[in-house]
>>> print(open('data-v3.cif').read())   # mmCIF, C-alpha atoms
data_model
#
loop_
_atom_site.label_atom_id
_atom_site.label_comp_id
_atom_site.auth_asym_id
_atom_site.auth_seq_id
_atom_site.Cartn_x
_atom_site.Cartn_y
_atom_site.Cartn_z
CA MET A 1267 129.03 101.19 133.03
CA THR A 1268 130.18 98.65 130.42
CA ALA A 1269 132.68 99.50 127.67
CA ILE A 1270 130.02 99.84 124.96
CA TRP A 1271 128.25 102.57 126.92
CA TRP A 1272 131.49 104.56 127.13
CA VAL A 1273 131.69 104.30 123.33
CA VAL A 1274 128.08 105.50 123.02
CA LEU A 1275 128.88 108.42 125.34
CA GLY A 1276 131.98 109.24 123.28
CA LEU A 1277 129.90 109.10 120.09
CA VAL A 1278 127.31 111.50 121.49
CA VAL A 1279 129.99 113.96 122.64
CA VAL A 1280 131.94 113.82 119.35
CA CYS A 1281 128.86 114.05 117.10
CA SER A 1282 127.39 116.96 119.08
CA ALA A 1283 130.69 118.85 119.43
CA THR A 1284 131.60 118.71 115.74
CA ARG A 1285 128.17 120.11 114.83
CA MET A 1286 128.04 122.78 117.53
CA ILE A 1287 131.57 124.17 117.47
CA GLY A 1288 131.25 126.22 114.24
CA PRO A 1289 128.08 128.19 115.13
CA ALA A 1290 129.17 128.48 118.81
CA VAL A 1291 132.58 129.95 117.94
CA LEU A 1292 131.25 132.24 115.23
CA GLY A 1293 128.25 133.55 117.20
CA ASN A 1294 126.71 136.55 115.46
CA ARG A 1295 129.96 137.77 113.95
CA ASP A 1296 130.38 137.87 110.20
CA LEU A 1297 133.17 135.89 108.62
CA PRO A 1298 135.97 138.00 107.06
CA ALA A 1299 135.85 138.30 103.25
CA PRO A 1300 138.20 135.32 102.55
CA GLY A 1301 136.11 133.22 104.96
CA ARG A 1302 132.91 134.15 103.11
CA ARG A 1303 134.48 133.18 99.79
CA ILE A 1304 135.60 129.83 101.23
CA VAL A 1305 132.06 129.18 102.49
CA MET A 1306 130.70 129.92 99.01
CA MET A 1307 133.04 127.30 97.57
CA LEU A 1308 132.33 124.75 100.31
CA ALA A 1309 129.06 123.38 98.89
CA PRO A 1310 130.39 122.32 95.44
CA ALA A 1311 133.66 121.00 96.93
CA LEU A 1312 132.00 118.94 99.67
CA LEU A 1313 129.18 117.72 97.40
CA ALA A 1314 131.78 116.45 94.91
CA GLY A 1315 133.70 114.84 97.79
CA LEU A 1316 130.55 113.18 99.10
CA VAL A 1317 129.75 111.75 95.65
CA ILE A 1318 133.28 110.34 95.29
CA THR A 1319 133.54 108.89 98.81
CA GLN A 1320 130.07 107.31 98.64
CA LEU A 1321 130.78 105.87 95.21
CA ALA A 1322 134.26 104.57 95.96
CA GLY A 1323 134.08 103.63 99.65
CA GLU A 1324 137.03 103.13 101.97
CA ARG A 1325 140.27 102.85 99.92
CA TRP A 1326 138.19 102.58 96.71
CA SER A 1327 137.05 99.11 97.77
CA GLY A 1328 133.34 99.83 97.28
CA LEU A 1329 133.39 100.73 93.58
CA GLU A 1330 130.75 98.60 91.85
CA ILE A 1331 129.15 98.74 88.39
CA GLY A 1332 125.53 98.89 89.64
CA MET A 1333 126.32 101.86 91.87
CA VAL A 1334 128.27 103.69 89.13
CA VAL A 1335 125.51 103.20 86.53
CA GLY A 1336 122.79 104.16 89.02
CA VAL A 1337 124.49 107.41 89.98
CA ALA A 1338 125.26 108.18 86.32
CA VAL A 1339 121.61 107.64 85.35
CA ALA A 1340 120.48 110.02 88.11
CA GLY A 1341 123.03 112.62 86.97
CA ILE A 1342 122.05 112.38 83.28
CA ALA A 1343 118.36 112.57 84.19
CA ARG A 1344 118.94 115.74 86.20
CA LEU A 1345 120.99 117.27 83.37
CA LEU A 1346 117.94 116.64 81.18
CA ARG A 1347 115.86 118.64 83.73
CA VAL A 1348 114.05 115.62 85.18
CA PRO A 1349 112.76 116.56 88.69
CA ALA A 1350 115.34 115.81 91.41
CA VAL A 1351 113.34 113.14 93.29
CA VAL A 1352 112.46 111.34 90.05
CA ALA A 1353 116.11 111.46 88.91
CA VAL A 1354 117.28 109.86 92.16
CA ALA A 1355 114.54 107.20 91.94
CA LEU A 1356 115.54 106.43 88.33
CA GLY A 1357 119.15 105.97 89.49
CA ALA A 1358 118.15 103.56 92.24
CA ALA A 1359 115.89 101.62 89.86
CA ALA A 1360 118.65 101.39 87.22
CA ALA A 1361 121.07 99.95 89.80
CA ALA A 1362 118.48 97.44 91.05
CA VAL A 1363 117.66 96.25 87.50
CA LEU A 1364 121.32 95.99 86.48
CA ARG A 1365 122.18 93.98 89.60
CA ALA A 1366 119.23 91.66 88.97
CA VAL A 1367 120.37 91.07 85.38
CA LEU A 1368 124.11 90.61 86.03
CA MET B 737 105.13 132.59 110.01
CA ASN B 738 103.44 131.04 106.98
CA ASP B 739 106.65 131.60 105.07
CA HIS B 740 108.57 129.72 107.78
CA ARG B 741 106.04 126.90 107.61
CA SER B 742 106.17 126.65 103.82
CA ARG B 743 109.99 126.58 103.88
CA PHE B 744 109.92 123.93 106.62
CA LEU B 745 107.51 121.84 104.53
CA ALA B 746 109.74 122.33 101.49
CA GLY B 747 112.56 120.95 103.64
CA VAL B 748 110.40 117.96 104.59
CA ARG B 749 109.80 117.25 100.90
CA LEU B 750 113.53 117.59 100.26
CA GLY B 751 114.29 115.12 103.04
CA LEU B 752 111.86 112.42 101.87
CA GLY B 753 114.28 110.91 99.33
CA PRO B 754 117.23 110.65 101.74
CA ALA B 755 114.85 109.38 104.45
CA ALA B 756 113.84 106.53 102.15
CA ALA B 757 117.49 105.48 102.11
CA THR B 758 118.07 106.32 105.78
CA LEU B 759 115.48 103.83 107.05
CA PRO B 760 117.16 100.69 105.65
CA LEU B 761 120.59 102.11 106.51
CA GLY B 762 119.41 102.52 110.11
CA MET B 763 118.15 98.92 110.01
CA THR B 764 121.56 97.80 108.80
CA PHE B 765 123.29 99.68 111.61
CA GLY B 766 120.92 98.28 114.24
CA ALA B 767 121.32 94.70 112.99
CA PHE B 768 125.13 95.03 112.65
CA ALA B 769 125.58 96.59 116.09
CA ALA B 770 123.28 94.10 117.81
CA SER B 771 125.11 91.19 116.19
CA THR B 772 128.53 92.48 117.31
CA GLY B 773 127.90 92.79 121.02
CA TRP B 774 126.25 96.19 121.43
CA GLY B 775 123.13 94.65 122.99
CA VAL B 776 119.64 96.02 122.40
CA TRP B 777 119.65 99.49 123.93
CA ALA B 778 123.13 100.85 123.10
CA PRO B 779 122.54 101.06 119.28
CA ILE B 780 119.14 102.71 119.83
CA VAL B 781 120.53 105.26 122.31
CA ALA B 782 123.47 105.96 119.97
CA SER B 783 121.14 106.61 117.02
CA THR B 784 118.81 108.75 119.15
CA LEU B 785 121.52 110.97 120.67
CA ALA B 786 124.45 110.84 118.22
CA PHE B 787 122.31 110.69 115.04
CA SER B 788 125.19 110.20 112.65
CA GLY B 789 125.24 107.19 110.35
CA SER B 790 128.81 107.65 109.13
CA ALA B 791 130.25 108.10 112.67
CA GLN B 792 128.21 105.23 114.12
CA PHE B 793 129.18 102.84 111.31
CA ALA B 794 132.84 103.88 111.70
CA ALA B 795 132.78 103.17 115.46
CA ALA B 796 130.92 99.88 115.05
CA THR B 797 133.34 98.71 112.34
CA VAL B 798 136.38 99.47 114.53
CA LEU B 799 134.85 97.61 117.50
CA ALA B 800 133.83 94.62 115.32
CA GLY B 801 137.42 94.45 114.06
CA GLY B 802 138.74 94.17 117.62
CA GLY B 803 139.74 97.83 118.04
CA SER B 804 139.48 99.62 121.40
CA GLY B 805 136.66 101.94 122.42
CA LEU B 806 139.02 104.90 122.21
CA LEU B 807 139.93 104.02 118.62
CA ALA B 808 136.23 103.64 117.78
CA VAL B 809 135.44 107.14 119.09
CA ALA B 810 138.53 108.57 117.35
CA ALA B 811 137.33 107.07 114.04
CA ALA B 812 133.93 108.67 114.60
CA ALA B 813 135.54 112.04 115.33
CA LEU B 814 137.61 111.84 112.16
CA MET B 815 134.52 110.90 110.18
CA ASN B 816 132.51 113.84 111.50
CA ALA B 817 135.26 116.49 111.40
CA ARG B 818 133.66 117.80 108.19
CA PHE B 819 130.78 119.13 110.31
CA VAL B 820 133.10 121.85 111.68
CA PRO B 821 133.48 123.75 108.35
CA MET B 822 129.88 122.88 107.46
CA GLY B 823 128.75 124.39 110.78
CA LEU B 824 130.81 127.52 110.15
CA ALA B 825 129.04 127.92 106.82
CA LEU B 826 125.63 127.30 108.36
CA GLY B 827 126.13 129.55 111.44
CA PRO B 828 124.93 132.90 110.01
CA ALA B 829 121.62 131.30 108.94
CA LEU B 830 120.80 130.18 112.50
CA SER B 831 118.95 132.46 114.93
CA GLY B 832 119.73 133.68 118.46
CA GLY B 833 122.97 133.76 120.44
CA ARG B 834 125.88 131.32 120.49
CA LEU B 835 124.11 128.67 122.60
CA CYS B 836 120.90 128.90 120.60
CA LYS B 837 122.81 128.59 117.32
CA ALA B 838 124.82 125.66 118.69
CA LEU B 839 121.64 123.83 119.72
CA GLN B 840 120.03 124.42 116.31
CA SER B 841 123.15 123.06 114.62
CA LEU B 842 122.36 119.61 116.08
CA ALA B 843 120.02 119.32 113.08
CA LEU B 844 123.09 119.36 110.81
CA ILE B 845 123.48 116.26 108.63
CA ASP B 846 124.94 115.97 105.13
CA ALA B 847 121.74 115.73 103.09
CA SER B 848 119.98 118.51 105.03
CA TRP B 849 123.01 120.83 104.86
CA ALA B 850 123.30 120.31 101.12
CA GLY B 851 119.56 120.75 100.58
CA ALA B 852 119.42 123.90 102.73
CA HIS B 853 122.06 125.67 100.63
CA VAL B 854 120.28 128.42 98.71
CA GLY B 855 123.32 129.71 96.81
CA ASP B 856 126.32 131.99 97.36
CA GLY B 857 127.20 130.27 100.65
CA ARG B 858 123.83 131.16 102.21
CA PHE B 859 121.61 128.64 103.98
CA ASP B 860 117.92 128.45 104.96
CA ARG B 861 117.53 127.05 108.49
CA PHE B 862 113.88 126.12 107.96
CA LEU B 863 114.79 123.97 104.96
CA LEU B 864 117.46 122.34 107.16
CA PHE B 865 115.05 121.69 110.03
CA GLY B 866 112.39 120.27 107.69
CA ALA B 867 114.80 117.96 105.88
CA THR B 868 116.23 116.68 109.18
CA ALA B 869 112.79 116.31 110.80
CA VAL B 870 111.90 113.57 108.33
CA GLN B 871 115.31 111.83 108.36
CA TYR B 872 115.68 111.66 112.16
CA PRO B 873 112.72 109.31 112.81
CA ALA B 874 113.79 107.26 109.79
CA TRP B 875 117.27 106.75 111.28
CA VAL B 876 116.12 106.02 114.84
CA GLY B 877 113.15 103.91 113.71
CA GLY B 878 115.35 102.02 111.27
CA THR B 879 117.81 101.25 114.07
CA VAL B 880 115.01 99.90 116.28
CA LEU B 881 113.73 97.71 113.43
CA GLY B 882 117.27 96.49 112.72
CA VAL B 883 117.90 95.56 116.35
CA VAL B 884 114.55 93.74 116.62
CA PHE B 885 114.20 92.06 113.23
CA ALA B 886 117.79 91.91 111.86
CA PRO B 887 116.94 92.06 108.10
CA PRO B 888 119.29 90.41 105.58
CA PRO B 889 122.15 92.80 104.68
CA ASP B 890 121.57 92.50 100.90
CA VAL B 891 118.18 94.31 101.03
CA ILE B 892 119.88 97.66 100.48
CA THR B 893 121.86 96.65 97.37
CA THR B 894 119.08 94.49 95.86
CA TYR B 895 116.69 97.46 95.71
CA GLY B 896 119.35 100.03 94.77
CA LEU B 897 118.85 101.95 98.03
CA ASP B 898 122.62 102.41 98.40
CA VAL B 899 122.50 104.58 95.25
CA ILE B 900 120.11 107.14 96.77
CA PHE B 901 122.65 109.14 98.78
CA PRO B 902 125.41 109.53 96.14
CA ALA B 903 122.73 110.16 93.47
CA PHE B 904 121.09 112.79 95.69
CA PHE B 905 124.44 114.53 96.25
CA LEU B 906 125.20 114.45 92.50
CA VAL B 907 121.78 115.96 91.68
CA LEU B 908 122.41 118.76 94.21
CA LEU B 909 125.89 119.32 92.77
CA ILE B 910 124.47 119.64 89.24
CA ASP B 911 121.93 122.20 90.51
CA GLU B 912 124.72 124.04 92.35
CA LEU B 913 126.79 124.30 89.17
CA ARG B 914 123.86 125.63 87.13
CA GLY B 915 123.83 128.98 88.92
CA ALA B 916 125.66 132.19 88.13
CA LYS B 917 129.47 132.59 88.41
CA THR B 918 129.89 128.90 87.65
CA ALA B 919 133.58 128.72 86.67
CA ARG B 920 135.03 128.99 90.18
CA ARG B 921 132.42 126.60 91.58
CA LEU B 922 133.26 124.12 88.82
CA VAL B 923 136.95 124.28 89.75
CA SER B 924 136.03 123.87 93.42
CA ALA B 925 133.95 120.77 92.64
CA ALA B 926 136.67 119.29 90.42
CA LEU B 927 139.34 119.85 93.08
CA GLY B 928 137.01 118.51 95.79
CA ALA B 929 136.54 115.31 93.79
CA LEU B 930 140.28 115.07 93.04
CA PHE B 931 141.45 115.70 96.63
CA SER B 932 138.95 113.27 98.17
CA GLY B 933 139.63 110.64 95.49
CA VAL B 934 143.41 110.72 96.03
CA LEU B 935 143.10 110.85 99.83
CA LEU B 936 140.78 107.82 99.77
CA LEU B 937 143.75 105.75 98.58
CA ILE B 938 145.80 106.43 101.69
CA ALA B 939 143.51 107.74 104.44
CA PRO B 940 140.19 106.99 106.16
CA LEU B 941 136.99 108.21 104.53
CA GLY B 942 136.53 111.06 107.01
CA VAL B 943 139.95 112.49 106.13
CA ALA B 944 139.12 112.24 102.44
CA LEU B 945 136.01 114.35 103.02
CA LEU B 946 138.05 116.93 104.92
CA GLY B 947 140.34 116.99 101.88
CA ALA B 948 137.34 117.94 99.76
CA ALA B 949 136.72 120.87 102.10
CA LEU B 950 140.33 121.94 101.52
CA ALA B 951 139.40 122.52 97.86
CA ALA B 952 137.09 125.30 99.04
CA VAL B 953 140.08 126.98 100.72
CA VAL B 954 142.18 126.73 97.55
CA THR B 955 139.45 128.22 95.35
CA GLY B 956 137.91 130.57 97.93
CA VAL B 957 140.94 132.45 99.31
CA PRO B 958 141.97 134.31 96.13
CA ALA B 959 139.78 137.43 95.75
CA ALA B 960 137.35 137.38 92.84
CA GLU B 961 138.08 139.93 90.12
CA GLU B 962 134.65 141.51 90.39
CA GLU B 963 134.83 141.75 94.19
CA PRO B 964 135.96 145.03 95.79
CA SER B 965 138.89 144.50 98.17
#
>>> encode(input="data-v3.cif", output="structure tokens")
Amino acid sequence: MTAIWWVVLGLVVVCSATRMIGPAVLGNRDLPAPGRRIVMMLAPALLAGLVITQLAGERWSGLEIGMVVGVAVAGIARLLRVPAVVAVALGAAAAAVLRAVL
Amino acid sequence: MNDHRSRFLAGVRLGLGPAAATLPLGMTFGAFAASTGWGVWAPIVASTLAFSGSAQFAAATVLAGGGSGLLAVAAAALMNARFVPMGLALGPALSGGRLCKALQSLALIDASWAGAHVGDGRFDRFLLFGATAVQYPAWVGGTVLGVVFAPPPDVITTYGLDVIFPAFFLVLLIDELRGAKTARRLVSAALGALFSGVLLLIAPLGVALLGAALAAVVTGVPAAEEEPS
């Protein structure tokens, strides 16, 4: 087996294990009260982290005006109660137009 | 049963937007991997069985930079470590025993996890399955197309497709913060953004995302005033 196939095998093991370990360890037990509160806070914290990391990229090297404006347009549209899919599409379109103009 | 089906279909609709971005991202991965010595089949098998864009890109980038296979897998593990707390949160929504739950959790990806959150830390597994069902073929199919046709890398930025994922996560965050008991969630989001933003300066992206999860610990551990002890 060549080196790249060992990497693929490692990827499969790592990606499966990280997904499976939480539900496998927890089983049908309920989390204790502090654990439940942490889980309730996980969605906003991770969503904010995902926005920042996708916007900024590794070591903030990916920050770019088209991306920032596109994401801002989607956010403003959603705040104005535009349907979610349309808001995201507006953001992508705004970035594409801005990049074509600049 | 019909309720399960309607929730699954709602998940499919939820996953259509991210899938539109996943397809060209998969093409990019396939083209990048094929051009850096992975051959034809290894990228396709990786996408089919690992099904994780962030981990696969991390591993491919390490290898392309001359890093060892062990380093590549370690980078992927670091990138995907966030799935551990996400899986813990998702666990109660999955059915069956430990093994059954673990197998169902293979459908866990960022966009599906976020879309399947129905509030108060509760998740709907049918929404998750539906959202993943439409993104999986997009990722694998995109990888195949990328390996075979090798599209120019600027397709994604030219059409603004790189904006879809962060915009989707922002839209979900706004919806999350519209619900009841918003103050603590707002603090959690602000700290998540702060922690990940600062960590991005000094650590890999996967660590920065784990830092965001730490914000949930900071805001979640203290008991709420209205909650009985």
>>> residues_around(input="data-v3.cif", residues="Leu1292 (chain A)", least_positions_apart="6", cutoff="12 Å", atoms="all atoms listed in the file", output="ChimeraX atom specification")
/A:1286,1298,1301 /B:820-821,823-830,833-835,837-838
>>> resolve_selection(input="data-v3.cif", expression="the PyMOL selection byres ((chain A and resi 1345) around 12)", output="PyMOL selection string")
(chain A and resi 1338-1344+1346-1350+1353) or (chain B and resi 906-914)
>>> write_last_selection(input="data-v3.cif", atoms="C-alpha atoms", output="short mmCIF file (atom, residue, chain, number, x, y, z; two decimals), in the coordinates of the input")
data_model
loop_
_atom_site.label_atom_id
_atom_site.label_comp_id
_atom_site.auth_asym_id
_atom_site.auth_seq_id
_atom_site.Cartn_x
_atom_site.Cartn_y
_atom_site.Cartn_z
CA ALA A 1338 125.26 108.18 86.32
CA VAL A 1339 121.61 107.64 85.35
CA ALA A 1340 120.48 110.02 88.11
CA GLY A 1341 123.03 112.62 86.97
CA ILE A 1342 122.05 112.38 83.28
CA ALA A 1343 118.36 112.57 84.19
CA ARG A 1344 118.94 115.74 86.20
CA LEU A 1346 117.94 116.64 81.18
CA ARG A 1347 115.86 118.64 83.73
CA VAL A 1348 114.05 115.62 85.18
CA PRO A 1349 112.76 116.56 88.69
CA ALA A 1350 115.34 115.81 91.41
CA ALA A 1353 116.11 111.46 88.91
CA LEU B 906 125.20 114.45 92.50
CA VAL B 907 121.78 115.96 91.68
CA LEU B 908 122.41 118.76 94.21
CA LEU B 909 125.89 119.32 92.77
CA ILE B 910 124.47 119.64 89.24
CA ASP B 911 121.93 122.20 90.51
CA GLU B 912 124.72 124.04 92.35
CA LEU B 913 126.79 124.30 89.17
CA ARG B 914 123.86 125.63 87.13
#
>>> residues_around(input="data-v3.cif", residues="Gly1315 (chain A)", least_positions_apart="4", cutoff="9 Å", atoms="all atoms listed in the file", output="list in words")
Pro1310, Ala1311, Thr1319 and Gln1320 of chain A; Ala925, Leu927, Gly928, Ala929, Leu930, Phe931, Ser932, Gly933, Ala944, Leu945, Leu946, Gly947, Ala948 and Ala949 of chain B
>>> write_last_selection(input="data-v3.cif", atoms="C-alpha atoms", output="PDB file, in the frame of the given file")
ATOM      1  CA  PRO A1310     130.390 122.320  95.440  1.00  0.00           C
ATOM      2  CA  ALA A1311     133.660 121.000  96.930  1.00  0.00           C
ATOM      3  CA  THR A1319     133.540 108.890  98.810  1.00  0.00           C
ATOM      4  CA  GLN A1320     130.070 107.310  98.640  1.00  0.00           C
TER       5      GLN A1320
ATOM      6  CA  ALA B 925     133.950 120.770  92.640  1.00  0.00           C
ATOM      7  CA  LEU B 927     139.340 119.850  93.080  1.00  0.00           C
ATOM      8  CA  GLY B 928     137.010 118.510  95.790  1.00  0.00           C
ATOM      9  CA  ALA B 929     136.540 115.310  93.790  1.00  0.00           C
ATOM     10  CA  LEU B 930     140.280 115.070  93.040  1.00  0.00           C
ATOM     11  CA  PHE B 931     141.450 115.700  96.630  1.00  0.00           C
ATOM     12  CA  SER B 932     138.950 113.270  98.170  1.00  0.00           C
ATOM     13  CA  GLY B 933     139.630 110.640  95.490  1.00  0.00           C
ATOM     14  CA  ALA B 944     139.120 112.240 102.440  1.00  0.00           C
ATOM     15  CA  LEU B 945     136.010 114.350 103.020  1.00  0.00           C
ATOM     16  CA  LEU B 946     138.050 116.930 104.920  1.00  0.00           C
ATOM     17  CA  GLY B 947     140.340 116.990 101.880  1.00  0.00           C
ATOM     18  CA  ALA B 948     137.340 117.940  99.760  1.00  0.00           C
ATOM     19  CA  ALA B 949     136.720 120.870 102.100  1.00  0.00           C
TER      20      ALA B 949
END
>>> resolve_selection(input="data-v3.cif", expression="the PyMOL selection byres ((chain A) within 6 of (chain B))", output="MDAnalysis selection string")
chainID A and resid 1273:1274 1276:1278 1280:1281 1284:1286 1288:1290 1293 1300 1303:1308 1310:1315 1317 1320 1324:1325 1333 1337 1340:1341 1354 1358 1361:1362
>>> resolve_selection(input="data-v3.cif", expression="the PyMOL selection byres ((chain B and resi 747) around 7)", output="list in words")
Arg743, Phe744, Leu745, Ala746, Val748, Arg749, Leu750, Gly751, Phe862, Leu863, Leu864, Phe865, Gly866 and Ala867 of chain B
>>> residues_around(input="data-v3.cif", residues="Gly882 (chain B)", least_positions_apart="4", cutoff="10 Å", atoms="only C-alpha atoms", output="list in words")
Leu759, Pro760, Leu761, Gly762, Met763, Thr764, Phe765, Gly766, Ala767, Phe768, Ala769, Ala770, Val776, Pro779, Ile780, Val876, Gly877, Gly878, Ala886, Pro887 and Pro888 of chain B
>>> atom_distance(input="data-v3.cif", atom1="CA of Ala1309 (chain A)", atom2="CA of Val1279 (chain A)")
25.6 Å
